[in-house]
$ cat input-v7.txt   # compact mmCIF, C-alpha atoms
# COMPACT_ATOMS: atom_id res chain seq x y z
CA MET A 10 -23.95 37.65 21.46
CA GLU A 11 -25.19 40.69 19.57
CA VAL A 12 -23.88 42.96 22.34
CA TRP A 13 -20.37 41.54 21.95
CA LYS A 14 -20.47 42.06 18.19
CA ILE A 15 -21.49 45.68 18.63
CA ALA A 16 -18.76 46.22 21.24
CA GLY A 17 -16.20 44.61 18.96
CA ARG A 18 -17.14 46.79 16.02
CA ARG A 19 -17.01 49.87 18.22
CA LEU A 20 -13.57 48.93 19.51
CA ILE A 21 -12.23 48.42 16.00
CA ALA A 22 -13.69 51.77 14.93
CA THR A 23 -12.03 53.52 17.87
CA VAL A 24 -8.66 51.94 17.11
CA GLN A 25 -8.94 52.93 13.47
CA GLU A 26 -9.78 56.52 14.36
CA ARG A 27 -6.97 57.02 16.90
CA PRO A 28 -4.55 54.11 16.53
CA ILE A 29 -1.47 55.80 17.99
CA ILE A 30 -3.25 57.09 21.11
CA PHE A 31 -5.02 53.78 21.70
CA ASN A 32 -1.95 51.59 21.21
CA THR A 33 0.28 53.92 23.25
CA LEU A 34 -2.10 53.89 26.22
CA VAL A 35 -2.59 50.13 26.06
CA GLY A 36 1.13 49.41 25.72
CA GLY A 37 2.20 51.81 28.47
CA THR A 38 -0.48 50.70 30.94
CA LEU A 39 0.09 46.98 30.43
CA CYS A 40 3.89 47.11 30.61
CA ALA A 41 3.90 49.37 33.68
CA GLY A 42 1.44 47.02 35.37
CA SER A 43 3.55 44.01 34.46
CA ASP A 44 6.59 45.61 36.08
CA ALA A 45 4.59 46.26 39.26
CA VAL A 46 3.66 42.56 39.30
CA ALA A 47 7.30 41.61 38.75
CA GLN A 48 8.43 43.81 41.64
CA GLU A 49 5.82 42.19 43.87
CA LEU A 50 7.12 38.75 42.90
CA GLU A 51 10.67 39.86 43.59
CA GLN A 52 9.63 40.94 47.10
CA GLN A 53 9.06 37.25 47.85
CA LYS A 54 12.77 36.59 47.27
CA PRO A 55 14.83 38.96 49.43
CA SER A 56 17.89 40.52 47.91
CA PHE A 57 21.37 39.99 49.36
CA ASP A 58 21.23 43.25 51.32
CA SER A 59 17.66 42.83 52.59
CA LEU A 60 18.51 39.81 54.77
CA SER A 61 19.80 42.13 57.48
CA SER A 62 17.04 44.71 57.01
CA PRO A 63 14.63 45.31 59.92
CA SER A 64 11.76 44.91 57.43
CA TYR A 65 12.80 41.38 56.53
CA ASN A 66 10.46 38.97 58.31
CA GLY A 67 12.61 35.85 58.03
CA LYS A 68 10.13 34.07 55.75
CA GLY A 69 11.49 35.20 52.41
CA VAL A 70 9.47 38.42 52.30
CA ASN A 71 10.74 41.97 52.56
CA GLN A 72 7.92 43.97 54.14
CA ASP A 73 9.40 47.39 53.34
CA VAL A 74 6.91 48.89 50.86
CA SER A 75 9.32 51.77 50.20
CA SER A 76 11.47 49.35 48.20
CA PHE A 77 9.08 49.76 45.24
CA ASP A 78 11.19 51.16 42.40
CA GLY A 79 9.29 54.04 40.83
CA TRP A 80 11.95 54.74 38.21
CA ARG A 81 11.84 51.17 37.02
CA PHE A 82 8.03 51.26 36.96
CA ALA A 83 8.10 54.46 34.89
CA SER A 84 10.72 53.10 32.48
CA ALA A 85 8.60 49.99 31.87
CA GLY A 86 5.60 52.17 31.06
CA LEU A 87 7.61 54.34 28.68
CA ILE A 88 9.03 51.28 26.93
CA GLY A 89 5.55 49.79 26.53
CA ALA A 90 4.06 53.06 25.25
CA PHE A 91 6.83 53.57 22.71
CA PHE A 92 6.89 50.06 21.31
CA GLY A 93 3.12 49.54 21.54
CA GLY A 94 2.28 52.86 19.91
CA PHE A 95 4.97 53.10 17.24
CA ILE A 96 7.32 50.13 16.79
CA TYR A 97 4.97 47.13 16.75
CA PRO A 98 2.36 48.63 14.38
CA ALA A 99 5.07 49.68 11.91
CA ALA A 100 7.00 46.40 12.19
CA TYR A 101 3.98 44.13 11.73
CA ALA A 102 2.69 46.26 8.84
CA ARG A 103 6.08 46.06 7.16
CA LEU A 104 6.21 42.28 7.55
CA ASP A 105 2.72 42.01 6.05
CA ALA A 106 3.92 44.04 3.07
CA VAL A 107 7.09 41.99 2.53
CA PHE A 108 5.58 38.53 3.08
CA ILE A 109 2.12 38.86 1.56
CA GLY A 110 -0.72 36.54 2.55
CA THR A 111 -1.77 34.32 5.43
CA GLY A 112 -0.52 31.02 4.04
CA LEU A 113 1.64 28.79 6.21
CA VAL A 114 4.94 29.62 4.52
CA ALA A 115 4.33 33.39 4.63
CA VAL A 116 3.19 33.29 8.26
CA VAL A 117 6.21 31.24 9.37
CA LYS A 118 8.58 33.64 7.59
CA LYS A 119 6.93 36.66 9.22
CA SER A 120 7.09 35.03 12.64
CA LEU A 121 10.77 34.12 12.43
CA VAL A 122 11.86 37.46 10.97
CA GLU A 123 9.94 39.33 13.68
CA ILE A 124 11.78 37.43 16.42
CA ALA A 125 15.19 37.82 14.75
CA THR A 126 14.80 41.58 14.22
CA VAL A 127 12.17 43.25 16.38
CA GLY A 128 12.41 40.69 19.20
CA VAL A 129 16.16 40.89 19.66
CA THR A 130 16.16 44.69 19.36
CA VAL A 131 13.29 45.23 21.81
CA ASN A 132 14.73 42.82 24.37
CA GLY A 133 18.16 44.42 24.22
CA ILE A 134 16.80 47.95 24.54
CA SER A 135 14.42 46.96 27.33
CA MET A 136 17.16 45.37 29.44
CA ALA A 137 19.54 48.26 28.78
CA VAL A 138 16.98 50.95 29.67
CA ARG A 139 15.99 49.13 32.87
CA GLY A 140 19.61 48.97 33.94
CA LEU A 141 20.36 52.60 33.16
CA MET A 142 17.13 53.86 34.77
CA THR A 143 18.00 52.08 38.02
CA GLY A 144 21.46 53.67 38.17
CA ARG A 145 23.65 51.00 36.61
CA GLY A 146 26.75 52.07 34.77
CA PRO A 147 26.99 51.65 30.99
CA ALA A 148 29.69 48.99 31.31
CA ASP A 149 27.59 46.89 33.73
CA VAL A 150 24.53 47.25 31.50
CA MET A 151 26.44 46.21 28.39
CA THR A 152 27.85 43.15 30.15
CA HIS A 153 24.43 42.18 31.44
CA VAL A 154 22.73 42.52 28.05
CA THR A 155 25.51 40.63 26.26
CA ASN A 156 25.42 37.73 28.74
CA SER A 157 21.63 37.51 29.02
CA LEU A 158 20.49 38.07 25.44
CA PRO A 159 21.20 34.55 24.07
CA GLU A 160 19.07 32.86 26.75
CA VAL A 161 16.38 35.54 26.47
CA THR A 162 16.26 35.06 22.69
CA LYS A 163 15.83 31.32 23.12
CA THR A 164 12.90 31.92 25.45
CA ASP A 165 11.59 34.55 23.04
CA LEU A 166 11.41 31.93 20.30
CA ILE A 167 9.48 29.54 22.53
CA VAL A 168 6.96 32.17 23.66
CA TRP A 169 6.56 34.50 20.68
CA PHE A 170 6.70 32.11 17.73
CA PRO A 171 3.30 30.49 18.53
CA TYR A 172 1.76 33.91 19.17
CA ASN A 173 3.11 35.27 15.88
CA LEU A 174 1.61 32.35 13.99
CA VAL A 175 -1.80 33.25 15.41
CA ALA A 176 -1.30 37.00 15.04
CA PHE A 177 -0.31 36.92 11.38
CA SER A 178 -2.96 34.40 10.37
CA VAL A 179 -6.04 35.17 12.51
CA ILE A 180 -5.88 38.51 14.37
CA PRO A 181 -6.99 41.57 12.33
CA ALA A 182 -4.11 43.94 11.58
CA VAL A 183 -5.87 46.84 13.29
CA LEU A 184 -6.06 44.94 16.60
CA ARG A 185 -2.63 43.33 16.38
CA PRO A 186 -0.72 46.11 18.21
CA ALA A 187 -3.12 45.86 21.18
CA THR A 188 -2.92 42.06 21.41
CA THR A 189 0.84 42.28 21.01
CA SER A 190 0.95 44.75 23.91
CA CYS A 191 -0.88 42.18 26.05
CA MET A 192 1.75 39.60 25.18
CA GLU A 193 4.48 42.18 25.74
CA ALA A 194 3.14 42.91 29.22
CA LEU A 195 3.55 39.26 30.20
CA TRP A 196 6.93 39.16 28.49
CA GLN A 197 8.16 42.27 30.28
CA THR A 198 7.36 40.56 33.59
CA TYR A 199 9.88 37.92 32.57
CA ILE A 200 12.38 40.61 31.54
CA SER A 201 11.90 42.30 34.92
CA LEU A 202 12.65 39.06 36.72
CA CYS A 203 15.78 38.65 34.60
CA SER A 204 16.79 42.15 35.67
CA HIS A 205 16.23 41.17 39.30
CA ASN A 206 18.68 38.27 38.96
CA TYR A 207 21.13 40.62 37.29
CA ASN A 208 20.82 43.08 40.18
CA ASN A 209 21.41 40.38 42.78
CA ASN A 210 24.41 39.00 40.93
CA SER A 211 25.92 42.46 40.71
CA GLU A 212 25.37 43.00 44.42
CA HIS A 213 27.11 39.76 45.25
CA GLU A 214 30.03 40.61 43.01
CA SER A 215 30.42 44.08 44.56
CA VAL A 216 30.61 42.83 48.16
CA HIS A 217 34.04 43.51 49.68
CA VAL A 218 35.00 41.17 52.51
CA GLU A 219 37.37 42.66 55.05
CA ASP A 220 39.26 41.36 58.05
CA THR A 221 39.33 37.81 56.71
CA PRO A 222 42.72 36.17 57.24
CA SER A 223 44.06 34.60 54.09
CA PRO A 224 44.67 30.84 54.31
CA THR A 225 48.37 31.10 53.58
CA THR A 226 51.39 29.71 55.32
CA THR A 227 54.22 32.14 56.04
CA LEU A 228 57.80 31.06 56.77
CA GLU A 229 60.00 33.73 58.31
CA ALA A 230 63.27 33.31 60.24
CA HIS A 231 62.53 29.84 61.53
CA ASN A 232 58.97 30.84 62.56
CA LEU A 233 56.10 28.95 60.89
CA THR A 234 52.76 30.74 61.19
CA ILE A 235 49.72 28.56 60.39
CA PRO A 236 46.17 29.98 60.55
CA VAL A 237 43.90 27.58 62.46
CA SER A 238 40.82 28.71 60.51
CA SER A 239 40.14 31.29 57.84
CA ALA A 240 37.20 32.45 59.98
CA THR A 241 39.16 33.06 63.21
CA PRO A 242 42.16 35.27 64.00
CA ALA A 243 43.84 32.63 66.11
CA VAL A 244 47.19 31.25 64.87
CA VAL A 245 49.71 28.76 66.09
CA ASN A 246 53.34 29.85 66.10
CA ILE A 247 55.69 26.93 65.90
CA LYS A 248 59.37 27.41 66.60
CA HIS A 249 60.98 25.29 64.00
CA SER A 250 64.64 24.83 63.33
CA LEU A 251 65.40 24.30 59.68
CA SER A 252 68.42 22.77 58.08
CA ILE A 253 68.84 23.82 54.44
$ encode --input "input-v7.txt" --output "structure tokens"
Amino acid sequence: MEVWKIAGRRLIATVQERPIIFNTLVGGTLCAGSDAVAQELEQQKPSFDSLSSPSYNGKGVNQDVSSFDGWRFASAGLIGAFFGGFIYPAAYARLDAVFIGTGLVAVVKKSLVEIATVGVTVNGISMAVRGLMTGRGPADVMTHVTNSLPEVTKTDLIVWFPYNLVAFSVIPAVLRPATTSCMEALWQTYISLCSHNYNNNSEHESVHVEDTPSPTTTLEAHNLTIPVSSATPAVVNIKHSLSI
């Protein structure tokens, strides 16, 4: 027990001496790792294009290790380093200054304001950066963020509100950025999976189907052409005399 107390005091001293370096490294490492986990999970669900890939084994797994997205991995690390080292410490300190104390009312106010301001902003930026870093156009990214943010914010409230209650009432302020980065790493896994669904939906929408006969009926000069099936080129031409 004494060893853990000494280690804890040493950790707190290190954070106090170099808070920006410590929080930046923790945030970047955890968020990059969470994205790697998310990409591994996504490998279990093949994308629309991977079904015809030689690396697809027919069991829901794409075995092509080259599909690991390094740009996305790097962007997750940069996001985690930036928010863990600069945004979260400043935001939580500001909330502590505005809503003073650890009473229930003050803690609830801090928790809700954090979600409504920092949470919404971080989620929007994270989804936008992921889209842009993987080559999406600004219009596609804006549409994705606009459509996804309400559901993401609802989930944010469910996940982050309990954590904020604990963070603002129990966790020391000096350690809060590090513990928040741990939560953010898990959260960014969820954001990565949301981005995966967004990517698949975009792929489906961009597919152009050619050589598919339209299921229409054409009437020309007493000839009635009826497609037998929209999947086959065969048609039946019926000579039909019309009286109008």
$ atom_distance --input "input-v7.txt" --atom1 "atom CA of Gly133 of chain A" --atom2 "atom CA of Thr162 of chain A"
9.7 Å
$ closest_residue --input "input-v7.txt" --among "A:Val114, A:Leu195, A:Leu50, A:Ile21" --to "Ile180 of chain A" --atoms "only C-alpha atoms"
A:Ile21
$ closest_residue --input "input-v7.txt" --among "A:Ala16, A:Val154, A:Val116, A:Ala148" --to "Thr130 of chain A" --atoms "only C-alpha atoms"
A:Val154
$ closest_residue --input "input-v7.txt" --among "A:Pro159, A:Pro147, A:Gly86, A:Pro181" --to "Cys40 of chain A" --atoms "all atoms listed in the file"
A:Gly86
$ atom_distance --input "input-v7.txt" --atom1 "atom CA of Asn132 of chain A" --atom2 "atom CA of Tyr97 of chain A"
13.1 Å
$ atom_distance --input "input-v7.txt" --atom1 "atom CA of Arg139 of chain A" --atom2 "atom CA of Phe77 of chain A"
14.2 Å
$ closest_residue --input "input-v7.txt" --among "A:Val117, A:Met136, A:Leu141, A:Val168" --to "Thr155 of chain A" --atoms "all atoms listed in the file"
A:Met136
$ closest_residue --input "input-v7.txt" --among "A:Trp13, A:Ala22, A:Thr198, A:Phe31" --to "Pro98 of chain A" --atoms "all atoms listed in the file"
A:Phe31
$ closest_residue --input "input-v7.txt" --among "A:Ile124, A:Val12, A:Leu104, A:Leu34" --to "Ile167 of chain A" --atoms "only C-alpha atoms"
A:Ile124
$ residues_around --input "input-v7.txt" --residues "Val131 of chain A" --least-positions-apart "4" --cutoff "10 Å" --atoms "only C-alpha atoms" --output "list in words"
Ile88, Phe92, Ile96, Tyr97, Ile124, Thr126, Val127, Ser135, Met136 and Ala137 of chain A
$ residues_around --input "input-v7.txt" --residues "Val35 of chain A" --least-positions-apart "6" --cutoff "10 Å" --atoms "all atoms listed in the file" --output "list in words"
Ile29, Gly86, Gly89, Ala90, Gly93, Gly94, Pro186, Ala187, Thr188, Thr189, Ser190, Cys191 and Ala194 of chain A
$ residues_around --input "input-v7.txt" --residues "Gln48 of chain A" --least-positions-apart "3" --cutoff "9 Å" --atoms "only C-alpha atoms" --output "MDAnalysis selection string"
chainID A and resid 43:45 51:52 77:78 82 198 201:202 205
$ decode --input "input-v7.txt" --residues "segment 146-195 of chain A" --atoms "N, CA and C atoms" --output "PDB file, in the first residue's frame"
ATOM      1  N   GLY A 146     -14.385  15.161 -49.331  1.00  0.00           N
ATOM      2  CA  GLY A 146     -14.569  16.551 -49.700  1.00  0.00           C
ATOM      3  C   GLY A 146     -15.251  17.337 -48.598  1.00  0.00           C
ATOM      4  N   PRO A 147     -15.050  18.645 -48.554  1.00  0.00           N
ATOM      5  CA  PRO A 147     -15.677  19.465 -47.508  1.00  0.00           C
ATOM      6  C   PRO A 147     -17.202  19.332 -47.451  1.00  0.00           C
ATOM      7  N   ALA A 148     -17.841  19.231 -48.609  1.00  0.00           N
ATOM      8  CA  ALA A 148     -19.299  19.115 -48.632  1.00  0.00           C
ATOM      9  C   ALA A 148     -19.756  17.803 -47.996  1.00  0.00           C
ATOM     10  N   ASP A 149     -19.070  16.688 -48.334  1.00  0.00           N
ATOM     11  CA  ASP A 149     -19.411  15.394 -47.742  1.00  0.00           C
ATOM     12  C   ASP A 149     -19.185  15.410 -46.235  1.00  0.00           C
ATOM     13  N   VAL A 150     -18.090  16.021 -45.810  1.00  0.00           N
ATOM     14  CA  VAL A 150     -17.775  16.081 -44.378  1.00  0.00           C
ATOM     15  C   VAL A 150     -18.834  16.885 -43.637  1.00  0.00           C
ATOM     16  N   MET A 151     -19.220  18.036 -44.194  1.00  0.00           N
ATOM     17  CA  MET A 151     -20.220  18.871 -43.542  1.00  0.00           C
ATOM     18  C   MET A 151     -21.556  18.144 -43.413  1.00  0.00           C
ATOM     19  N   THR A 152     -21.944  17.426 -44.468  1.00  0.00           N
ATOM     20  CA  THR A 152     -23.197  16.670 -44.427  1.00  0.00           C
ATOM     21  C   THR A 152     -23.140  15.578 -43.369  1.00  0.00           C
ATOM     22  N   HIS A 153     -22.007  14.876 -43.322  1.00  0.00           N
ATOM     23  CA  HIS A 153     -21.837  13.808 -42.347  1.00  0.00           C
ATOM     24  C   HIS A 153     -21.916  14.338 -40.915  1.00  0.00           C
ATOM     25  N   VAL A 154     -21.198  15.406 -40.639  1.00  0.00           N
ATOM     26  CA  VAL A 154     -21.180  15.967 -39.285  1.00  0.00           C
ATOM     27  C   VAL A 154     -22.572  16.462 -38.893  1.00  0.00           C
ATOM     28  N   THR A 155     -23.238  17.149 -39.812  1.00  0.00           N
ATOM     29  CA  THR A 155     -24.575  17.673 -39.527  1.00  0.00           C
ATOM     30  C   THR A 155     -25.569  16.556 -39.223  1.00  0.00           C
ATOM     31  N   ASN A 156     -25.516  15.473 -39.996  1.00  0.00           N
ATOM     32  CA  ASN A 156     -26.450  14.372 -39.808  1.00  0.00           C
ATOM     33  C   ASN A 156     -26.139  13.535 -38.566  1.00  0.00           C
ATOM     34  N   SER A 157     -24.857  13.394 -38.234  1.00  0.00           N
ATOM     35  CA  SER A 157     -24.454  12.501 -37.159  1.00  0.00           C
ATOM     36  C   SER A 157     -24.410  13.154 -35.784  1.00  0.00           C
ATOM     37  N   LEU A 158     -24.206  14.465 -35.743  1.00  0.00           N
ATOM     38  CA  LEU A 158     -23.957  15.132 -34.467  1.00  0.00           C
ATOM     39  C   LEU A 158     -25.099  15.015 -33.456  1.00  0.00           C
ATOM     40  N   PRO A 159     -26.374  15.090 -33.854  1.00  0.00           N
ATOM     41  CA  PRO A 159     -27.440  14.936 -32.846  1.00  0.00           C
ATOM     42  C   PRO A 159     -27.397  13.589 -32.120  1.00  0.00           C
ATOM     43  N   GLU A 160     -27.226  12.501 -32.861  1.00  0.00           N
ATOM     44  CA  GLU A 160     -27.159  11.178 -32.233  1.00  0.00           C
ATOM     45  C   GLU A 160     -25.894  11.029 -31.403  1.00  0.00           C
ATOM     46  N   VAL A 161     -24.787  11.560 -31.899  1.00  0.00           N
ATOM     47  CA  VAL A 161     -23.531  11.502 -31.153  1.00  0.00           C
ATOM     48  C   VAL A 161     -23.646  12.282 -29.848  1.00  0.00           C
ATOM     49  N   THR A 162     -24.319  13.432 -29.891  1.00  0.00           N
ATOM     50  CA  THR A 162     -24.487  14.248 -28.684  1.00  0.00           C
ATOM     51  C   THR A 162     -25.358  13.531 -27.657  1.00  0.00           C
ATOM     52  N   LYS A 163     -26.357  12.825 -28.115  1.00  0.00           N
ATOM     53  CA  LYS A 163     -27.199  12.052 -27.205  1.00  0.00           C
ATOM     54  C   LYS A 163     -26.376  10.974 -26.496  1.00  0.00           C
ATOM     55  N   THR A 164     -25.549  10.279 -27.268  1.00  0.00           N
ATOM     56  CA  THR A 164     -24.677   9.273 -26.681  1.00  0.00           C
ATOM     57  C   THR A 164     -23.643   9.915 -25.760  1.00  0.00           C
ATOM     58  N   ASP A 165     -23.165  11.083 -26.148  1.00  0.00           N
ATOM     59  CA  ASP A 165     -22.217  11.836 -25.328  1.00  0.00           C
ATOM     60  C   ASP A 165     -22.797  12.099 -23.945  1.00  0.00           C
ATOM     61  N   LEU A 166     -24.042  12.498 -23.897  1.00  0.00           N
ATOM     62  CA  LEU A 166     -24.701  12.770 -22.618  1.00  0.00           C
ATOM     63  C   LEU A 166     -24.773  11.516 -21.748  1.00  0.00           C
ATOM     64  N   ILE A 167     -25.068  10.387 -22.372  1.00  0.00           N
ATOM     65  CA  ILE A 167     -25.177   9.130 -21.626  1.00  0.00           C
ATOM     66  C   ILE A 167     -23.831   8.691 -21.067  1.00  0.00           C
ATOM     67  N   VAL A 168     -22.766   8.882 -21.848  1.00  0.00           N
ATOM     68  CA  VAL A 168     -21.440   8.394 -21.462  1.00  0.00           C
ATOM     69  C   VAL A 168     -20.695   9.386 -20.579  1.00  0.00           C
ATOM     70  N   TRP A 169     -20.689  10.653 -20.976  1.00  0.00           N
ATOM     71  CA  TRP A 169     -19.830  11.637 -20.317  1.00  0.00           C
ATOM     72  C   TRP A 169     -20.429  12.277 -19.081  1.00  0.00           C
ATOM     73  N   PHE A 170     -21.735  12.337 -18.977  1.00  0.00           N
ATOM     74  CA  PHE A 170     -22.338  12.966 -17.798  1.00  0.00           C
ATOM     75  C   PHE A 170     -21.951  12.236 -16.504  1.00  0.00           C
ATOM     76  N   PRO A 171     -22.055  10.900 -16.434  1.00  0.00           N
ATOM     77  CA  PRO A 171     -21.611  10.219 -15.207  1.00  0.00           C
ATOM     78  C   PRO A 171     -20.125  10.436 -14.918  1.00  0.00           C
ATOM     79  N   TYR A 172     -19.299  10.397 -15.982  1.00  0.00           N
ATOM     80  CA  TYR A 172     -17.869  10.619 -15.761  1.00  0.00           C
ATOM     81  C   TYR A 172     -17.617  12.024 -15.223  1.00  0.00           C
ATOM     82  N   ASN A 173     -18.281  13.027 -15.789  1.00  0.00           N
ATOM     83  CA  ASN A 173     -18.084  14.400 -15.332  1.00  0.00           C
ATOM     84  C   ASN A 173     -18.472  14.579 -13.869  1.00  0.00           C
ATOM     85  N   LEU A 174     -19.525  13.895 -13.452  1.00  0.00           N
ATOM     86  CA  LEU A 174     -19.924  13.980 -12.042  1.00  0.00           C
ATOM     87  C   LEU A 174     -18.792  13.504 -11.139  1.00  0.00           C
ATOM     88  N   VAL A 175     -18.159  12.395 -11.541  1.00  0.00           N
ATOM     89  CA  VAL A 175     -17.039  11.864 -10.755  1.00  0.00           C
ATOM     90  C   VAL A 175     -15.821  12.773 -10.870  1.00  0.00           C
ATOM     91  N   ALA A 176     -15.536  13.234 -12.087  1.00  0.00           N
ATOM     92  CA  ALA A 176     -14.336  14.044 -12.320  1.00  0.00           C
ATOM     93  C   ALA A 176     -14.366  15.351 -11.525  1.00  0.00           C
ATOM     94  N   PHE A 177     -15.501  16.026 -11.536  1.00  0.00           N
ATOM     95  CA  PHE A 177     -15.584  17.324 -10.876  1.00  0.00           C
ATOM     96  C   PHE A 177     -15.725  17.214  -9.353  1.00  0.00           C
ATOM     97  N   SER A 178     -16.084  16.047  -8.871  1.00  0.00           N
ATOM     98  CA  SER A 178     -16.308  15.914  -7.429  1.00  0.00           C
ATOM     99  C   SER A 178     -15.225  15.125  -6.706  1.00  0.00           C
ATOM    100  N   VAL A 179     -14.516  14.215  -7.417  1.00  0.00           N
ATOM    101  CA  VAL A 179     -13.586  13.308  -6.748  1.00  0.00           C
ATOM    102  C   VAL A 179     -12.157  13.421  -7.285  1.00  0.00           C
ATOM    103  N   ILE A 180     -11.994  13.436  -8.599  1.00  0.00           N
ATOM    104  CA  ILE A 180     -10.656  13.384  -9.206  1.00  0.00           C
ATOM    105  C   ILE A 180      -9.930  14.713  -9.011  1.00  0.00           C
ATOM    106  N   PRO A 181      -8.678  14.685  -8.528  1.00  0.00           N
ATOM    107  CA  PRO A 181      -7.907  15.935  -8.375  1.00  0.00           C
ATOM    108  C   PRO A 181      -7.756  16.646  -9.709  1.00  0.00           C
ATOM    109  N   ALA A 182      -7.787  17.978  -9.675  1.00  0.00           N
ATOM    110  CA  ALA A 182      -7.728  18.768 -10.909  1.00  0.00           C
ATOM    111  C   ALA A 182      -6.468  18.489 -11.715  1.00  0.00           C
ATOM    112  N   VAL A 183      -5.352  18.210 -11.035  1.00  0.00           N
ATOM    113  CA  VAL A 183      -4.099  17.989 -11.737  1.00  0.00           C
ATOM    114  C   VAL A 183      -4.107  16.688 -12.537  1.00  0.00           C
ATOM    115  N   LEU A 184      -4.895  15.712 -12.105  1.00  0.00           N
ATOM    116  CA  LEU A 184      -4.977  14.424 -12.807  1.00  0.00           C
ATOM    117  C   LEU A 184      -6.152  14.352 -13.782  1.00  0.00           C
ATOM    118  N   ARG A 185      -7.025  15.328 -13.723  1.00  0.00           N
ATOM    119  CA  ARG A 185      -8.244  15.278 -14.534  1.00  0.00           C
ATOM    120  C   ARG A 185      -7.974  15.204 -16.041  1.00  0.00           C
ATOM    121  N   PRO A 186      -7.020  15.970 -16.589  1.00  0.00           N
ATOM    122  CA  PRO A 186      -6.760  15.847 -18.028  1.00  0.00           C
ATOM    123  C   PRO A 186      -6.341  14.438 -18.448  1.00  0.00           C
ATOM    124  N   ALA A 187      -5.552  13.754 -17.602  1.00  0.00           N
ATOM    125  CA  ALA A 187      -5.106  12.394 -17.933  1.00  0.00           C
ATOM    126  C   ALA A 187      -6.272  11.411 -17.896  1.00  0.00           C
ATOM    127  N   THR A 188      -7.108  11.504 -16.862  1.00  0.00           N
ATOM    128  CA  THR A 188      -8.256  10.590 -16.780  1.00  0.00           C
ATOM    129  C   THR A 188      -9.257  10.893 -17.890  1.00  0.00           C
ATOM    130  N   THR A 189      -9.378  12.171 -18.235  1.00  0.00           N
ATOM    131  CA  THR A 189     -10.264  12.543 -19.336  1.00  0.00           C
ATOM    132  C   THR A 189      -9.747  11.995 -20.656  1.00  0.00           C
ATOM    133  N   SER A 190      -8.417  11.964 -20.815  1.00  0.00           N
ATOM    134  CA  SER A 190      -7.836  11.389 -22.033  1.00  0.00           C
ATOM    135  C   SER A 190      -8.138   9.895 -22.127  1.00  0.00           C
ATOM    136  N   CYS A 191      -8.149   9.217 -20.993  1.00  0.00           N
ATOM    137  CA  CYS A 191      -8.524   7.783 -20.992  1.00  0.00           C
ATOM    138  C   CYS A 191      -9.954   7.610 -21.466  1.00  0.00           C
ATOM    139  N   MET A 192     -10.849   8.444 -20.955  1.00  0.00           N
ATOM    140  CA  MET A 192     -12.237   8.397 -21.407  1.00  0.00           C
ATOM    141  C   MET A 192     -12.335   8.763 -22.888  1.00  0.00           C
ATOM    142  N   GLU A 193     -11.557   9.764 -23.275  1.00  0.00           N
ATOM    143  CA  GLU A 193     -11.589  10.216 -24.667  1.00  0.00           C
ATOM    144  C   GLU A 193     -11.105   9.133 -25.618  1.00  0.00           C
ATOM    145  N   ALA A 194     -10.142   8.319 -25.164  1.00  0.00           N
ATOM    146  CA  ALA A 194      -9.652   7.227 -26.006  1.00  0.00           C
ATOM    147  C   ALA A 194     -10.776   6.238 -26.304  1.00  0.00           C
ATOM    148  N   LEU A 195     -11.536   5.876 -25.282  1.00  0.00           N
ATOM    149  CA  LEU A 195     -12.679   4.982 -25.491  1.00  0.00           C
ATOM    150  C   LEU A 195     -13.731   5.657 -26.373  1.00  0.00           C
TER     151      LEU A 195
END
